[in-house]
Amino acid sequence: MQRKMILTASLAALLGAATLAQAADDRLATERLDEVLAQAGDFGFQTFDEIEVKRADRVEVEGWLDDEWQAEVSFDLASGESLKEERKKRDGGAWGLSEAEVRDAMALAVAEGLVEFEELQVDRDGRVDIEGVDAEGRELEVKSRDGEVLEVEHD
């Protein structure tokens, strides 16, 4: 009986560790934002609407290449390759954040405790929503606009 309880507890611990390891695959340390922005800049992105971590070293970036062309590109951070690319010609002009504004928004989130990010989204009004985790592994969402924190949510 005691052996069965030990095996059950061990299995539960292993499954919990596997779940945590899997969850960490869809996040990047905030310091790696520089890599993402460098690859996106080399590709030609001028402004950013969304940056989403898909799995370890794979990131999807959406934004504008100029005032007419919007793009969605998946990058492999390890190899530096663009894996998937979609471009759309749009009317109405580019919107989103510049590289410097993305860095500033991330700095605000880091100041609130963010250590790994999953996604950064910007709406047309300039509201930035960054999701990730803090140092304790708790989910954290930081919303900001124009360099000011609007809301911080811990789960």
# chains A, B, ... in the order shown; residues from 1 in each chain; ligands from 1

$ residues_around --residues "A:Arg124" --least-positions-apart "6" --cutoff "9 Å" --atoms "only C-alpha atoms" --output "short mmCIF file (atom, residue, chain, number, x, y, z; two decimals) with all heavy atoms, in the first residue's frame"
data_model
loop_
_atom_site.label_atom_id
_atom_site.label_comp_id
_atom_site.auth_asym_id
_atom_site.auth_seq_id
_atom_site.Cartn_x
_atom_site.Cartn_y
_atom_site.Cartn_z
N ASP A 49 2.63 45.11 -33.96
CA ASP A 49 1.28 44.95 -33.43
C ASP A 49 1.25 43.82 -32.39
O ASP A 49 0.50 43.88 -31.43
CB ASP A 49 0.27 44.57 -34.50
CG ASP A 49 0.24 45.52 -35.67
OD1 ASP A 49 0.77 46.64 -35.56
OD2 ASP A 49 -0.30 45.13 -36.72
N TRP A 95 0.28 51.29 -38.04
CA TRP A 95 0.07 51.63 -36.64
C TRP A 95 0.83 50.61 -35.81
O TRP A 95 1.38 49.64 -36.33
CB TRP A 95 -1.41 51.67 -36.29
CG TRP A 95 -2.14 50.38 -36.56
CD1 TRP A 95 -2.68 49.99 -37.75
CD2 TRP A 95 -2.37 49.33 -35.64
NE1 TRP A 95 -3.24 48.75 -37.63
CE2 TRP A 95 -3.06 48.32 -36.34
CE3 TRP A 95 -2.06 49.12 -34.31
CZ2 TRP A 95 -3.45 47.13 -35.73
CZ3 TRP A 95 -2.45 47.94 -33.71
CH2 TRP A 95 -3.15 46.96 -34.43
N GLY A 96 0.91 50.80 -34.54
CA GLY A 96 1.63 49.90 -33.67
C GLY A 96 2.75 50.65 -32.96
O GLY A 96 2.79 51.87 -32.94
#

$ residues_around --residues "A:Ala38" --least-positions-apart "3" --cutoff "12 Å" --atoms "only C-alpha atoms" --output "PyMOL selection string"
chain A and resi 32-35+41-46+61+75+77+80+99-100+103

$ closest_residue --among "A:Leu37, A:Glu86, A:Ala107, A:Leu120" --to "A:Ile51" --atoms "only C-alpha atoms"
A:Leu120

$ atom_distance --atom1 "atom CA of A:Asp76" --atom2 "atom CA of A:Val53"
10.4 Å

$ residues_around --residues "A:Glu148" --least-positions-apart "5" --cutoff "12 Å" --atoms "only C-alpha atoms" --output "list of chain:residue names"
A:Glu101, A:Asp104, A:Ala105, A:Met106, A:Ala107, A:Leu108, A:Ala109, A:Ala111, A:Glu112, A:Gly126, A:Arg127, A:Val128, A:Asp129, A:Val142, A:Lys143

$ write_last_selection --atoms "N, CA, C and O atoms" --output "short mmCIF file (atom, residue, chain, number, x, y, z; two decimals), in the first residue's frame"
data_model
loop_
_atom_site.label_atom_id
_atom_site.label_comp_id
_atom_site.auth_asym_id
_atom_site.auth_seq_id
_atom_site.Cartn_x
_atom_site.Cartn_y
_atom_site.Cartn_z
N GLU A 101 9.53 51.84 -28.53
CA GLU A 101 8.32 51.78 -27.72
C GLU A 101 8.05 50.37 -27.20
O GLU A 101 7.56 50.20 -26.08
N ASP A 104 10.34 50.03 -24.26
CA ASP A 104 9.83 50.78 -23.12
C ASP A 104 8.67 50.05 -22.45
O ASP A 104 8.59 50.00 -21.21
N ALA A 105 7.76 49.50 -23.24
CA ALA A 105 6.62 48.76 -22.69
C ALA A 105 7.10 47.53 -21.93
O ALA A 105 6.60 47.22 -20.84
N MET A 106 8.11 46.84 -22.48
CA MET A 106 8.65 45.67 -21.79
C MET A 106 9.35 46.08 -20.50
O MET A 106 9.25 45.39 -19.48
N ALA A 107 10.04 47.21 -20.51
CA ALA A 107 10.71 47.69 -19.30
C ALA A 107 9.68 47.97 -18.19
O ALA A 107 9.93 47.68 -17.01
N LEU A 108 8.53 48.52 -18.56
CA LEU A 108 7.46 48.73 -17.57
C LEU A 108 7.00 47.41 -16.98
O LEU A 108 6.78 47.30 -15.77
N ALA A 109 6.82 46.40 -17.85
CA ALA A 109 6.36 45.09 -17.38
C ALA A 109 7.42 44.44 -16.48
O ALA A 109 7.08 43.83 -15.46
N ALA A 111 9.55 46.01 -14.62
CA ALA A 111 9.50 46.75 -13.35
C ALA A 111 8.35 46.25 -12.46
O ALA A 111 8.42 46.35 -11.23
N GLU A 112 7.32 45.67 -13.08
CA GLU A 112 6.19 45.11 -12.33
C GLU A 112 6.43 43.65 -11.94
O GLU A 112 5.56 43.04 -11.33
N GLY A 126 -3.04 52.25 -29.04
CA GLY A 126 -1.74 52.29 -28.37
C GLY A 126 -1.70 51.60 -27.03
O GLY A 126 -0.70 51.67 -26.31
N ARG A 127 -2.75 50.89 -26.67
CA ARG A 127 -2.76 50.15 -25.41
C ARG A 127 -1.95 48.87 -25.60
O ARG A 127 -2.17 48.11 -26.55
N VAL A 128 -1.03 48.63 -24.69
CA VAL A 128 -0.13 47.48 -24.77
C VAL A 128 -0.51 46.49 -23.68
O VAL A 128 -0.71 46.86 -22.52
N ASP A 129 -0.57 45.22 -24.05
CA ASP A 129 -0.90 44.15 -23.12
C ASP A 129 0.23 43.12 -23.21
O ASP A 129 0.43 42.52 -24.27
N VAL A 142 0.49 42.77 -17.72
CA VAL A 142 0.71 44.19 -17.50
C VAL A 142 0.14 44.95 -18.70
O VAL A 142 0.51 44.69 -19.84
N LYS A 143 -0.75 45.90 -18.40
CA LYS A 143 -1.36 46.72 -19.44
C LYS A 143 -0.84 48.15 -19.27
O LYS A 143 -0.79 48.67 -18.15
#

$ residues_around --residues "A:Ala56" --least-positions-apart "3" --cutoff "8 Å" --atoms "only C-alpha atoms" --output "PDB file with all heavy atoms, in the first residue's frame"
ATOM      1  N   ALA A  24       6.856  26.299 -20.126  1.00  0.00           N
ATOM      2  CA  ALA A  24       7.989  27.207 -20.291  1.00  0.00           C
ATOM      3  C   ALA A  24       8.429  27.296 -21.742  1.00  0.00           C
ATOM      4  O   ALA A  24       9.095  28.247 -22.123  1.00  0.00           O
ATOM      5  CB  ALA A  24       9.145  26.765 -19.407  1.00  0.00           C
ATOM      6  N   ASP A  25       8.069  26.322 -22.570  1.00  0.00           N
ATOM      7  CA  ASP A  25       8.436  26.341 -23.984  1.00  0.00           C
ATOM      8  C   ASP A  25       7.746  27.460 -24.744  1.00  0.00           C
ATOM      9  O   ASP A  25       8.197  27.848 -25.806  1.00  0.00           O
ATOM     10  CB  ASP A  25       8.104  25.002 -24.657  1.00  0.00           C
ATOM     11  CG  ASP A  25       9.153  23.941 -24.382  1.00  0.00           C
ATOM     12  OD1 ASP A  25      10.231  24.279 -23.852  1.00  0.00           O
ATOM     13  OD2 ASP A  25       8.894  22.778 -24.702  1.00  0.00           O
ATOM     14  N   ASP A  26       6.646  27.969 -24.212  1.00  0.00           N
ATOM     15  CA  ASP A  26       5.953  29.031 -24.930  1.00  0.00           C
ATOM     16  C   ASP A  26       6.206  30.396 -24.286  1.00  0.00           C
ATOM     17  O   ASP A  26       5.409  31.309 -24.394  1.00  0.00           O
ATOM     18  CB  ASP A  26       4.463  28.741 -25.057  1.00  0.00           C
ATOM     19  CG  ASP A  26       3.738  28.694 -23.723  1.00  0.00           C
ATOM     20  OD1 ASP A  26       4.398  28.778 -22.670  1.00  0.00           O
ATOM     21  OD2 ASP A  26       2.506  28.563 -23.728  1.00  0.00           O
ATOM     22  N   ARG A  27       7.377  30.510 -23.633  1.00  0.00           N
ATOM     23  CA  ARG A  27       7.787  31.779 -23.032  1.00  0.00           C
ATOM     24  C   ARG A  27       9.264  32.020 -23.325  1.00  0.00           C
ATOM     25  O   ARG A  27      10.024  31.096 -23.560  1.00  0.00           O
ATOM     26  CB  ARG A  27       7.601  31.748 -21.513  1.00  0.00           C
ATOM     27  CG  ARG A  27       6.171  31.623 -21.073  1.00  0.00           C
ATOM     28  CD  ARG A  27       6.045  31.858 -19.582  1.00  0.00           C
ATOM     29  NE  ARG A  27       6.810  30.956 -18.761  1.00  0.00           N
ATOM     30  CZ  ARG A  27       6.316  29.918 -18.101  1.00  0.00           C
ATOM     31  NH1 ARG A  27       5.037  29.625 -18.190  1.00  0.00           N
ATOM     32  NH2 ARG A  27       7.084  29.179 -17.353  1.00  0.00           N
ATOM     33  N   LEU A  28       9.651  33.289 -23.286  1.00  0.00           N
ATOM     34  CA  LEU A  28      11.048  33.678 -23.425  1.00  0.00           C
ATOM     35  C   LEU A  28      11.415  34.605 -22.275  1.00  0.00           C
ATOM     36  O   LEU A  28      10.579  35.391 -21.828  1.00  0.00           O
ATOM     37  CB  LEU A  28      11.289  34.456 -24.720  1.00  0.00           C
ATOM     38  CG  LEU A  28      11.370  33.707 -26.031  1.00  0.00           C
ATOM     39  CD1 LEU A  28      11.576  34.706 -27.172  1.00  0.00           C
ATOM     40  CD2 LEU A  28      12.476  32.685 -26.034  1.00  0.00           C
ATOM     41  N   VAL A  53       5.332  34.261 -28.484  1.00  0.00           N
ATOM     42  CA  VAL A  53       6.233  33.116 -28.400  1.00  0.00           C
ATOM     43  C   VAL A  53       5.392  31.874 -28.685  1.00  0.00           C
ATOM     44  O   VAL A  53       4.400  31.617 -28.014  1.00  0.00           O
ATOM     45  CB  VAL A  53       6.891  33.018 -27.008  1.00  0.00           C
ATOM     46  CG1 VAL A  53       7.823  31.821 -26.946  1.00  0.00           C
ATOM     47  CG2 VAL A  53       7.625  34.310 -26.675  1.00  0.00           C
TER      48      VAL A  53
END

$ closest_residue --among "A:Asp146, A:Glu116, A:Asp123, A:Asp67" --to "A:Thr30" --atoms "only C-alpha atoms"
A:Glu116

$ residues_around --residues "A:Glu62" --least-positions-apart "4" --cutoff "6 Å" --atoms "only C-alpha atoms" --output "PDB file with all heavy atoms, in the first residue's frame"
ATOM      1  N   ASP A  49       2.632  45.108 -33.963  1.00  0.00           N
ATOM      2  CA  ASP A  49       1.278  44.947 -33.425  1.00  0.00           C
ATOM      3  C   ASP A  49       1.249  43.822 -32.390  1.00  0.00           C
ATOM      4  O   ASP A  49       0.503  43.883 -31.425  1.00  0.00           O
ATOM      5  CB  ASP A  49       0.273  44.565 -34.504  1.00  0.00           C
ATOM      6  CG  ASP A  49       0.244  45.522 -35.674  1.00  0.00           C
ATOM      7  OD1 ASP A  49       0.770  46.644 -35.562  1.00  0.00           O
ATOM      8  OD2 ASP A  49      -0.302  45.132 -36.719  1.00  0.00           O
ATOM      9  N   GLU A  50       2.046  42.767 -32.649  1.00  0.00           N
ATOM     10  CA  GLU A  50       2.024  41.600 -31.772  1.00  0.00           C
ATOM     11  C   GLU A  50       3.338  40.843 -31.884  1.00  0.00           C
ATOM     12  O   GLU A  50       3.893  40.689 -32.972  1.00  0.00           O
ATOM     13  CB  GLU A  50       0.863  40.672 -32.149  1.00  0.00           C
ATOM     14  CG  GLU A  50       0.714  39.476 -31.260  1.00  0.00           C
ATOM     15  CD  GLU A  50      -0.522  38.639 -31.580  1.00  0.00           C
ATOM     16  OE1 GLU A  50      -1.305  39.004 -32.477  1.00  0.00           O
ATOM     17  OE2 GLU A  50      -0.693  37.611 -30.920  1.00  0.00           O
ATOM     18  N   ALA A  71       2.705  42.564 -42.200  1.00  0.00           N
ATOM     19  CA  ALA A  71       3.286  41.229 -42.306  1.00  0.00           C
ATOM     20  C   ALA A  71       3.109  40.449 -41.018  1.00  0.00           C
ATOM     21  O   ALA A  71       2.994  41.019 -39.930  1.00  0.00           O
ATOM     22  CB  ALA A  71       4.768  41.332 -42.647  1.00  0.00           C
ATOM     23  N   GLU A  72       3.086  39.129 -41.175  1.00  0.00           N
ATOM     24  CA  GLU A  72       3.089  38.185 -40.064  1.00  0.00           C
ATOM     25  C   GLU A  72       4.174  37.168 -40.401  1.00  0.00           C
ATOM     26  O   GLU A  72       4.100  36.496 -41.432  1.00  0.00           O
ATOM     27  CB  GLU A  72       1.727  37.504 -39.954  1.00  0.00           C
ATOM     28  CG  GLU A  72       1.616  36.515 -38.836  1.00  0.00           C
ATOM     29  CD  GLU A  72       0.217  35.905 -38.761  1.00  0.00           C
ATOM     30  OE1 GLU A  72      -0.774  36.634 -38.989  1.00  0.00           O
ATOM     31  OE2 GLU A  72       0.144  34.696 -38.479  1.00  0.00           O
TER      32      GLU A  72
END

$ closest_residue --among "A:Gly132, A:Gly113, A:Gly93, A:Gly137" --to "A:Gln70" --atoms "only C-alpha atoms"
A:Gly93

$ atom_distance --atom1 "atom CA of A:Glu131" --atom2 "atom CA of A:Ala40"
19.8 Å

$ closest_residue --among "A:Val115, A:Val59, A:Ala94, A:Val102" --to "A:Glu136" --atoms "only C-alpha atoms"
A:Val115

$ select_by_dssp --residues "stretch 5-113 of chain A" --states "alpha helix (DSSP H)" --output "VMD selection string"
chain A and resid 5 to 24 33 to 43 99 to 111

$ closest_residue --among "A:Ser98, A:Glu153, A:Ser79, A:Val36" --to "A:Asp66" --atoms "only C-alpha atoms"
A:Ser98
